[in-house]
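Novice: File name model.txt; file contents compact mmCIF, C-alpha atoms (C1' of nucleotides); full text below.
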# COMPACT_ATOMS: atom_id res chain seq x y z
CA MET B 1 0.00 0.00 0.00
CA LYS B 2 1.05 3.53 -0.66
CA PRO B 3 1.89 5.35 2.58
CA THR B 4 -0.42 8.33 2.53
CA LEU B 5 0.81 11.91 2.77
CA ILE B 6 -2.53 13.19 3.89
CA THR B 7 -3.11 13.83 7.57
CA ASN B 8 -6.46 13.96 9.32
CA GLN B 9 -8.16 15.10 12.52
CA ILE B 10 -10.54 12.22 12.88
CA ARG B 11 -9.39 11.16 16.30
CA SER B 12 -9.73 14.66 17.72
CA LEU B 13 -13.07 15.14 16.04
CA ARG B 14 -14.37 11.90 17.49
CA PHE B 15 -13.61 13.02 21.02
CA THR B 16 -14.76 16.61 20.68
CA ALA B 17 -17.91 15.26 19.08
CA GLY B 18 -19.00 13.56 22.24
CA GLU B 19 -16.91 10.50 22.88
CA MET B 20 -17.80 8.77 19.68
CA THR B 21 -16.18 5.36 19.40
CA GLN B 22 -14.53 4.04 16.27
CA ALA B 23 -17.31 1.52 15.89
CA ASP B 24 -19.88 4.30 16.18
CA LEU B 25 -18.18 6.37 13.54
CA ALA B 26 -17.76 3.39 11.28
CA ASP B 27 -21.44 2.72 11.58
CA ARG B 28 -22.47 6.28 10.87
CA ILE B 29 -20.39 6.61 7.74
CA GLY B 30 -21.26 3.14 6.58
CA VAL B 31 -17.85 1.46 6.61
CA THR B 32 -16.25 -1.13 8.83
CA ARG B 33 -14.30 -0.56 11.98
CA GLN B 34 -11.12 -1.67 10.25
CA THR B 35 -11.49 1.08 7.70
CA VAL B 36 -11.90 3.76 10.35
CA ILE B 37 -8.84 2.49 12.21
CA ALA B 38 -6.70 2.43 9.08
CA ILE B 39 -7.77 5.89 7.96
CA GLU B 40 -7.46 7.39 11.44
CA GLN B 41 -3.91 6.10 11.64
CA GLY B 42 -3.07 7.39 8.19
CA ARG B 43 -2.29 3.99 6.77
CA TYR B 44 -4.05 5.10 3.65
CA SER B 45 -6.28 7.90 2.49
CA PRO B 46 -9.93 7.10 1.97
CA SER B 47 -11.92 7.54 -1.20
CA LEU B 48 -13.41 10.97 -1.74
CA GLU B 49 -16.83 9.56 -1.07
CA ILE B 50 -15.90 8.28 2.37
CA ALA B 51 -14.00 11.46 3.10
CA PHE B 52 -17.18 13.40 2.42
CA ARG B 53 -19.24 11.15 4.64
CA ILE B 54 -16.79 11.61 7.49
CA ALA B 55 -16.86 15.39 7.19
CA HIS B 56 -20.63 15.22 6.95
CA VAL B 57 -20.96 13.26 10.20
CA PHE B 58 -18.90 15.84 12.09
CA GLY B 59 -20.65 18.69 10.34
CA VAL B 60 -17.44 20.26 9.08
CA GLY B 61 -15.76 20.86 5.72
CA LEU B 62 -13.42 18.46 4.03
CA ASP B 63 -10.47 20.72 4.74
CA ASP B 64 -11.24 20.60 8.44
CA VAL B 65 -10.81 16.85 8.48
CA PHE B 66 -8.05 16.24 5.97
CA GLN B 67 -4.87 18.18 5.25
CA TYR B 68 -2.66 17.82 2.22
CA PRO B 69 0.99 18.84 2.77
CA SER B 70 0.76 22.34 1.34
CA SER B 71 3.57 22.70 -1.14
CA LEU B 72 4.40 19.44 -2.79
CA PRO B 73 5.66 18.66 -6.26
CA GLU B 74 2.65 17.73 -8.35
CA GLU B 75 4.07 14.28 -8.88
CA PRO B 76 7.26 13.36 -7.08
CA ALA B 77 9.32 11.77 -9.80
CA MET Z 1 -18.72 0.21 -11.22
CA LYS Z 2 -20.48 2.25 -8.60
CA PRO Z 3 -22.01 5.34 -10.17
CA THR Z 4 -20.67 8.21 -8.12
CA LEU Z 5 -22.96 10.65 -6.34
CA ILE Z 6 -20.31 13.31 -6.15
CA THR Z 7 -20.39 16.10 -8.69
CA ASN Z 8 -17.48 18.30 -9.70
CA GLN Z 9 -16.60 21.54 -11.45
CA ILE Z 10 -13.49 20.37 -13.17
CA ARG Z 11 -14.66 21.15 -16.67
CA SER Z 12 -15.61 24.72 -15.74
CA LEU Z 13 -12.41 25.19 -13.78
CA ARG Z 14 -10.36 24.01 -16.74
CA PHE Z 15 -11.84 26.65 -18.98
CA THR Z 16 -11.84 29.52 -16.50
CA ALA Z 17 -8.26 28.60 -15.69
CA GLY Z 18 -7.07 29.53 -19.13
CA GLU Z 19 -8.19 26.94 -21.63
CA MET Z 20 -6.43 24.08 -20.01
CA THR Z 21 -6.89 20.85 -21.93
CA GLN Z 22 -7.64 17.51 -20.32
CA ALA Z 23 -4.19 16.31 -21.28
CA ASP Z 24 -2.66 19.39 -19.64
CA LEU Z 25 -4.55 18.83 -16.44
CA ALA Z 26 -3.75 15.13 -16.43
CA ASP Z 27 -0.11 16.00 -16.75
CA ARG Z 28 -0.16 18.56 -13.98
CA ILE Z 29 -1.81 16.31 -11.46
CA GLY Z 30 0.21 13.31 -12.51
CA VAL Z 31 -2.46 11.00 -13.85
CA THR Z 32 -3.45 9.86 -17.30
CA ARG Z 33 -5.88 11.57 -19.62
CA GLN Z 34 -8.35 8.72 -19.19
CA THR Z 35 -8.48 9.33 -15.47
CA VAL Z 36 -9.28 13.00 -15.97
CA ILE Z 37 -12.02 12.15 -18.46
CA ALA Z 38 -13.58 9.55 -16.16
CA ILE Z 39 -13.53 11.84 -13.14
CA GLU Z 40 -14.75 14.85 -15.09
CA GLN Z 41 -17.67 12.81 -16.35
CA GLY Z 42 -18.44 11.50 -12.90
CA ARG Z 43 -17.89 7.88 -13.80
CA TYR Z 44 -16.21 7.49 -10.47
CA SER Z 45 -14.91 9.67 -7.68
CA PRO Z 46 -11.17 10.02 -7.39
CA SER Z 47 -9.06 9.13 -4.41
CA LEU Z 48 -8.68 11.84 -1.82
CA GLU Z 49 -5.09 12.26 -2.86
CA ILE Z 50 -5.95 12.99 -6.47
CA ALA Z 51 -8.83 15.19 -5.41
CA PHE Z 52 -6.38 17.27 -3.40
CA ARG Z 53 -3.99 17.54 -6.32
CA ILE Z 54 -6.75 18.75 -8.59
CA ALA Z 55 -7.86 21.42 -6.14
CA HIS Z 56 -4.23 22.37 -5.69
CA VAL Z 57 -3.69 22.89 -9.42
CA PHE Z 58 -6.64 25.26 -9.63
CA GLY Z 59 -5.67 26.94 -6.39
CA VAL Z 60 -9.03 26.38 -4.75
CA GLY Z 61 -10.42 24.33 -1.87
CA LEU Z 62 -11.71 20.81 -2.14
CA ASP Z 63 -15.26 21.98 -1.67
CA ASP Z 64 -14.93 24.28 -4.65
CA VAL Z 65 -14.16 21.35 -6.91
CA PHE Z 66 -16.30 18.55 -5.52
CA GLN Z 67 -19.82 18.57 -4.12
CA TYR Z 68 -21.49 15.86 -2.11
CA PRO Z 69 -25.30 15.81 -2.35
CA SER Z 70 -26.08 17.64 0.88
CA SER Z 71 -28.69 15.60 2.71
CA LEU Z 72 -28.27 11.97 2.06
CA PRO Z 73 -28.85 8.98 4.28
CA GLU Z 74 -25.49 8.05 5.69
CA GLU Z 75 -25.66 4.70 4.01
CA PRO Z 76 -28.58 4.00 1.71
CA ALA Z 77 -29.67 0.55 2.80
C1' DA V 1 -11.34 -15.25 37.89
C1' DC V 2 -14.44 -14.24 34.13
C1' DA V 3 -16.93 -11.39 30.87
C1' DC V 4 -17.26 -7.17 28.30
C1' DC V 5 -15.80 -3.11 25.63
C1' DG V 6 -12.77 -0.02 23.00
C1' DA V 7 -8.83 -0.24 20.44
C1' DG V 8 -5.43 -2.42 17.49
C1' DT V 9 -3.15 -6.16 14.29
C1' DC V 10 -2.93 -9.52 10.56
C1' DA V 11 -4.19 -11.87 6.33
C1' DA V 12 -7.13 -13.10 2.51
C1' DA V 13 -10.80 -11.95 -0.54
C1' DG V 14 -13.56 -8.52 -2.93
C1' DT V 15 -14.48 -3.98 -5.06
C1' DT V 16 -13.17 0.43 -6.91
C1' DT V 17 -9.86 3.37 -8.95
C1' DC V 18 -6.02 4.08 -12.06
C1' DT V 19 -3.03 2.87 -16.11
C1' DT V 20 -2.04 1.45 -20.70
C1' DT V 21 -3.14 0.71 -25.34
C1' DA V 22 -5.85 1.19 -29.26
C1' DC V 23 -9.40 3.20 -31.92
C1' DA V 24 -13.39 6.89 -33.24
C1' DT V 25 -15.31 11.59 -33.77
C1' DG V 26 -15.63 16.57 -34.98
C1' DA V 27 -12.99 20.81 -35.70
C1' DT V 28 -9.34 23.18 -37.75
C1' DC V 29 -5.50 24.00 -40.78
C1' DC V 30 -2.48 23.02 -44.80
C1' DG H 1 -8.17 15.33 -49.22
C1' DG H 2 -4.80 14.55 -45.46
C1' DA H 3 -2.83 15.97 -40.93
C1' DT H 4 -3.40 17.49 -36.34
C1' DC H 5 -5.63 18.42 -31.93
C1' DA H 6 -9.17 17.85 -28.21
C1' DT H 7 -12.36 14.80 -26.69
C1' DG H 8 -14.52 10.34 -26.14
C1' DT H 9 -14.99 4.93 -25.77
C1' DA H 10 -13.55 0.32 -24.64
C1' DA H 11 -10.98 -3.51 -22.49
C1' DA H 12 -7.35 -5.72 -19.83
C1' DG H 13 -4.43 -5.45 -16.00
C1' DA H 14 -2.30 -3.25 -11.94
C1' DA H 15 -2.68 -0.77 -7.78
C1' DA H 16 -5.33 1.07 -4.04
C1' DC H 17 -9.22 0.82 -1.01
C1' DT H 18 -12.71 -1.89 1.71
C1' DT H 19 -14.55 -5.96 3.89
C1' DT H 20 -14.54 -10.18 6.54
C1' DG H 21 -13.02 -12.94 10.23
C1' DA H 22 -9.85 -14.23 13.80
C1' DC H 23 -6.95 -12.77 17.24
C1' DT H 24 -4.44 -9.71 21.01
C1' DC H 25 -4.25 -6.26 24.77
C1' DG H 26 -5.57 -3.01 28.63
C1' DG H 27 -9.30 -1.33 31.40
C1' DT H 28 -13.79 -1.86 33.81
C1' DG H 29 -17.18 -4.23 36.24
C1' DT H 30 -19.41 -8.55 38.38
As structure tokens - that is how I would like this structure written.
Specialist:
Amino acid sequence: MKPTLITNQIRSLRFTAGEMTQADLADRIGVTRQTVIAIEQGRYSPSLEIAFRIAHVFGVGLDDVFQYPSSLPEEPA
Amino acid sequence: MKPTLITNQIRSLRFTAGEMTQADLADRIGVTRQTVIAIEQGRYSPSLEIAFRIAHVFGVGLDDVFQYPSSLPEEPA
DNA sequence: ACACCGAGTCAAAGTTTCTTTACATGATCC
DNA sequence: GGATCATGTAAAGAAACTTTGACTCGGTGT
């Protein structure tokens, strides 16, 4: 798997959003617990669709959940 | 293939951003022309990583490029 | 001690996304 | 008419993402 460069605030958001467990979140966005764990730990970046569902659950924008390292070569050769 | 629910403004952005061709865009974000065509036509939603690169090329936020249908059941049973 | 819950790991199978190659169309230019 | 460019289609294969199931660990409660 490609190590992802994208970081996320899912863990923080889960706690600030009322002690939501990983299983809870997984359920709400319609994926498995494994997927939440992997994404939360940055093992890989989710599909855009799942990214949107996550942001939707927390009621924030995509950019509030995920961050792309600002200045990066378009495609590291 | 899963028909994607996410819409995007790539085509408009390409034109407002100075007559950029699909091949140009593909090159800048480091994917093939086919990928740009498929995403632009909504045949599938890109990975978060590619979504970020696209937004980055146009110098806008993710939400300016992609839109998720606002009120949708979290997971259509 | 035993059972439960939240979190994490691993591996295999399944689905979606991306690449590569090849060909088709309409527009434009020579 | 022939050449070129932008866009589009299709199919096979590779890579990435997601699921399933089994297992471990620390903390809490009975």
Novice: Please measure the separation of atom CA of B:Ser12 and atom CA of B:Gln41, giving the value in Å to one decimal.
Specialist: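 Going from atom CA of B:Ser12 over to atom CA of B:Gln41 covers 12.0 Å.
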Novice: Pull the neighbourhood of (-12.2, 0.1, 29.6) for me: all residues within 9 Å in file coordinates, counting all atoms listed in the file, as a PyMOL selection string.
Specialist: (chain V and resi 4-6) or (chain H and resi 26-28)
Novice: Return the single residue from V:DC18, V:DC23, V:DC30, V:DA7 that is closest to B:Thr21, with distances computed using only C-alpha atoms (C1' of nucleotides).
Specialist: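 Among the listed residues, V:DA7 lies closest to B:Thr21.
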Novice: Which residues are close to B:Leu25, i.e. within 9 Å by only C-alpha atoms (C1' of nucleotides), leaving aside same-chain residues fewer than 3 positions away? Reply as a ChimeraX atom specification.
Specialist: /B:14,20-22,28-31,33,36,54,57
Novice: What are the residues of chain Z lining chain V at 9 Å or less? Count all atoms listed in the file, and put the answer as a list in words.
Specialist: Met1, Lys2, Val31, Thr32, Gln34, Thr35, Tyr44, Ser45, Pro46 and Ser47 of chain Z
Novice: Can you measure atom CA of B:Arg11 to atom CA of B:Asp64 for me? One decimal in Å is fine.
Specialist: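 Computing the Euclidean distance for atom CA of B:Arg11 and atom CA of B:Asp64 yields 12.4 Å.
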Novice: Interatomic distance between atom CA of Z:Phe66 and atom CA of B:Ala23?
Specialist: 27.4 Å
Novice: For chain Z, which residue among B:Ala38, B:Val60, B:Ile6, B:Leu13 is the nearest when counting all atoms listed in the file?
Specialist: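 That would be B:Ile6, the residue with the smallest distance to chain Z.
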Novice: Between H:DT19, H:DG2, H:DG13, H:DT7, which residue has the minimum interatomic distance to chain B, considering all atoms listed in the file?
Specialist: H:DT19
Novice: With distances taken over only C-alpha atoms (C1' of nucleotides), which residue among Z:Gly61, Z:Pro69, Z:Glu49, Z:Ala55 lies nearest chain H?
Specialist: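 Smallest separation from chain H among the options: Z:Glu49.
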Novice: With a cut-off of 12 Å, could you pull out the residues of chain H touching chain Z and give me the nearest pair of atoms for each, distance in Å to one decimal, using all atoms listed in the file, ordered by chain and ascending number, as a tab-separated table?
Specialist:
residue	atom	partner	partner_atom	distance
H:DC5	C1'	Z:Thr21	CA	10.4
H:DA6	C1'	Z:Thr21	CA	7.3
H:DT7	C1'	Z:Gln22	CA	8.4
H:DG8	C1'	Z:Ile37	CA	8.3
H:DT9	C1'	Z:Gln34	CA	10.1
H:DA10	C1'	Z:Gln34	CA	11.3
H:DA16	C1'	Z:Ser47	CA	8.9
H:DC17	C1'	Z:Ser47	CA	9.0
Novice: Using all atoms listed in the file, which of Z:Ala26, Z:Leu5, Z:Ile10, Z:Leu48 sits nearest chain B?
Specialist: Z:Leu48
Novice: Could you add N, CA, C and O atoms to stretch 19-41 of chain Z and give me the result as a PDB file, keeping the file's coordinate frame?
Specialist:
ATOM      1  N   GLU Z  19      -8.151  27.899 -20.521  1.00  0.00           N
ATOM      2  CA  GLU Z  19      -8.190  26.940 -21.630  1.00  0.00           C
ATOM      3  C   GLU Z  19      -7.267  25.746 -21.447  1.00  0.00           C
ATOM      4  O   GLU Z  19      -6.598  25.314 -22.374  1.00  0.00           O
ATOM      5  N   MET Z  20      -7.266  25.235 -20.257  1.00  0.00           N
ATOM      6  CA  MET Z  20      -6.430  24.080 -20.010  1.00  0.00           C
ATOM      7  C   MET Z  20      -7.081  22.822 -20.609  1.00  0.00           C
ATOM      8  O   MET Z  20      -8.255  22.577 -20.404  1.00  0.00           O
ATOM      9  N   THR Z  21      -6.314  22.070 -21.333  1.00  0.00           N
ATOM     10  CA  THR Z  21      -6.890  20.850 -21.930  1.00  0.00           C
ATOM     11  C   THR Z  21      -6.877  19.705 -20.918  1.00  0.00           C
ATOM     12  O   THR Z  21      -6.196  19.767 -19.902  1.00  0.00           O
ATOM     13  N   GLN Z  22      -7.599  18.655 -21.228  1.00  0.00           N
ATOM     14  CA  GLN Z  22      -7.640  17.510 -20.320  1.00  0.00           C
ATOM     15  C   GLN Z  22      -6.244  16.903 -20.181  1.00  0.00           C
ATOM     16  O   GLN Z  22      -5.842  16.491 -19.093  1.00  0.00           O
ATOM     17  N   ALA Z  23      -5.546  16.876 -21.303  1.00  0.00           N
ATOM     18  CA  ALA Z  23      -4.190  16.310 -21.280  1.00  0.00           C
ATOM     19  C   ALA Z  23      -3.273  17.150 -20.393  1.00  0.00           C
ATOM     20  O   ALA Z  23      -2.456  16.613 -19.640  1.00  0.00           O
ATOM     21  N   ASP Z  24      -3.436  18.482 -20.487  1.00  0.00           N
ATOM     22  CA  ASP Z  24      -2.660  19.390 -19.640  1.00  0.00           C
ATOM     23  C   ASP Z  24      -2.896  19.078 -18.166  1.00  0.00           C
ATOM     24  O   ASP Z  24      -1.951  18.880 -17.398  1.00  0.00           O
ATOM     25  N   LEU Z  25      -4.173  19.060 -17.822  1.00  0.00           N
ATOM     26  CA  LEU Z  25      -4.550  18.830 -16.440  1.00  0.00           C
ATOM     27  C   LEU Z  25      -4.009  17.481 -15.949  1.00  0.00           C
ATOM     28  O   LEU Z  25      -3.408  17.371 -14.879  1.00  0.00           O
ATOM     29  N   ALA Z  26      -4.222  16.474 -16.773  1.00  0.00           N
ATOM     30  CA  ALA Z  26      -3.750  15.130 -16.430  1.00  0.00           C
ATOM     31  C   ALA Z  26      -2.267  15.172 -16.097  1.00  0.00           C
ATOM     32  O   ALA Z  26      -1.807  14.606 -15.108  1.00  0.00           O
ATOM     33  N   ASP Z  27      -1.552  15.877 -16.931  1.00  0.00           N
ATOM     34  CA  ASP Z  27      -0.110  16.000 -16.750  1.00  0.00           C
ATOM     35  C   ASP Z  27       0.235  16.697 -15.446  1.00  0.00           C
ATOM     36  O   ASP Z  27       1.101  16.243 -14.704  1.00  0.00           O
ATOM     37  N   ARG Z  28      -0.462  17.771 -15.177  1.00  0.00           N
ATOM     38  CA  ARG Z  28      -0.160  18.560 -13.980  1.00  0.00           C
ATOM     39  C   ARG Z  28      -0.450  17.819 -12.688  1.00  0.00           C
ATOM     40  O   ARG Z  28       0.202  18.054 -11.669  1.00  0.00           O
ATOM     41  N   ILE Z  29      -1.495  17.006 -12.707  1.00  0.00           N
ATOM     42  CA  ILE Z  29      -1.810  16.310 -11.460  1.00  0.00           C
ATOM     43  C   ILE Z  29      -1.188  14.919 -11.435  1.00  0.00           C
ATOM     44  O   ILE Z  29      -1.308  14.189 -10.454  1.00  0.00           O
ATOM     45  N   GLY Z  30      -0.517  14.562 -12.514  1.00  0.00           N
ATOM     46  CA  GLY Z  30       0.210  13.310 -12.510  1.00  0.00           C
ATOM     47  C   GLY Z  30      -0.625  12.070 -12.708  1.00  0.00           C
ATOM     48  O   GLY Z  30      -0.339  11.021 -12.148  1.00  0.00           O
ATOM     49  N   VAL Z  31      -1.675  12.175 -13.494  1.00  0.00           N
ATOM     50  CA  VAL Z  31      -2.460  11.000 -13.850  1.00  0.00           C
ATOM     51  C   VAL Z  31      -2.609  10.962 -15.370  1.00  0.00           C
ATOM     52  O   VAL Z  31      -2.118  11.848 -16.063  1.00  0.00           O
ATOM     53  N   THR Z  32      -3.279   9.958 -15.854  1.00  0.00           N
ATOM     54  CA  THR Z  32      -3.450   9.860 -17.300  1.00  0.00           C
ATOM     55  C   THR Z  32      -4.691  10.641 -17.744  1.00  0.00           C
ATOM     56  O   THR Z  32      -5.541  11.008 -16.936  1.00  0.00           O
ATOM     57  N   ARG Z  33      -4.747  10.842 -19.050  1.00  0.00           N
ATOM     58  CA  ARG Z  33      -5.880  11.570 -19.620  1.00  0.00           C
ATOM     59  C   ARG Z  33      -7.185  10.842 -19.344  1.00  0.00           C
ATOM     60  O   ARG Z  33      -8.214  11.454 -19.077  1.00  0.00           O
ATOM     61  N   GLN Z  34      -7.145   9.530 -19.421  1.00  0.00           N
ATOM     62  CA  GLN Z  34      -8.350   8.720 -19.190  1.00  0.00           C
ATOM     63  C   GLN Z  34      -8.922   8.987 -17.807  1.00  0.00           C
ATOM     64  O   GLN Z  34     -10.130   9.074 -17.618  1.00  0.00           O
ATOM     65  N   THR Z  35      -8.039   9.100 -16.840  1.00  0.00           N
ATOM     66  CA  THR Z  35      -8.480   9.330 -15.470  1.00  0.00           C
ATOM     67  C   THR Z  35      -9.203  10.660 -15.363  1.00  0.00           C
ATOM     68  O   THR Z  35     -10.267  10.754 -14.754  1.00  0.00           O
ATOM     69  N   VAL Z  36      -8.640  11.683 -15.995  1.00  0.00           N
ATOM     70  CA  VAL Z  36      -9.280  13.000 -15.970  1.00  0.00           C
ATOM     71  C   VAL Z  36     -10.662  12.921 -16.607  1.00  0.00           C
ATOM     72  O   VAL Z  36     -11.650  13.419 -16.060  1.00  0.00           O
ATOM     73  N   ILE Z  37     -10.735  12.271 -17.761  1.00  0.00           N
ATOM     74  CA  ILE Z  37     -12.020  12.150 -18.460  1.00  0.00           C
ATOM     75  C   ILE Z  37     -13.048  11.456 -17.564  1.00  0.00           C
ATOM     76  O   ILE Z  37     -14.174  11.933 -17.405  1.00  0.00           O
ATOM     77  N   ALA Z  38     -12.654  10.329 -16.978  1.00  0.00           N
ATOM     78  CA  ALA Z  38     -13.580   9.550 -16.160  1.00  0.00           C
ATOM     79  C   ALA Z  38     -14.064  10.344 -14.943  1.00  0.00           C
ATOM     80  O   ALA Z  38     -15.244  10.324 -14.611  1.00  0.00           O
ATOM     81  N   ILE Z  39     -13.154  11.058 -14.318  1.00  0.00           N
ATOM     82  CA  ILE Z  39     -13.530  11.840 -13.140  1.00  0.00           C
ATOM     83  C   ILE Z  39     -14.413  13.005 -13.560  1.00  0.00           C
ATOM     84  O   ILE Z  39     -15.451  13.258 -12.960  1.00  0.00           O
ATOM     85  N   GLU Z  40     -13.994  13.694 -14.622  1.00  0.00           N
ATOM     86  CA  GLU Z  40     -14.750  14.850 -15.090  1.00  0.00           C
ATOM     87  C   GLU Z  40     -16.179  14.459 -15.440  1.00  0.00           C
ATOM     88  O   GLU Z  40     -17.114  15.217 -15.226  1.00  0.00           O
ATOM     89  N   GLN Z  41     -16.336  13.260 -15.965  1.00  0.00           N
ATOM     90  CA  GLN Z  41     -17.670  12.810 -16.350  1.00  0.00           C
ATOM     91  C   GLN Z  41     -18.419  12.149 -15.198  1.00  0.00           C
ATOM     92  O   GLN Z  41     -19.553  11.705 -15.381  1.00  0.00           O
TER      93      GLN Z  41
END
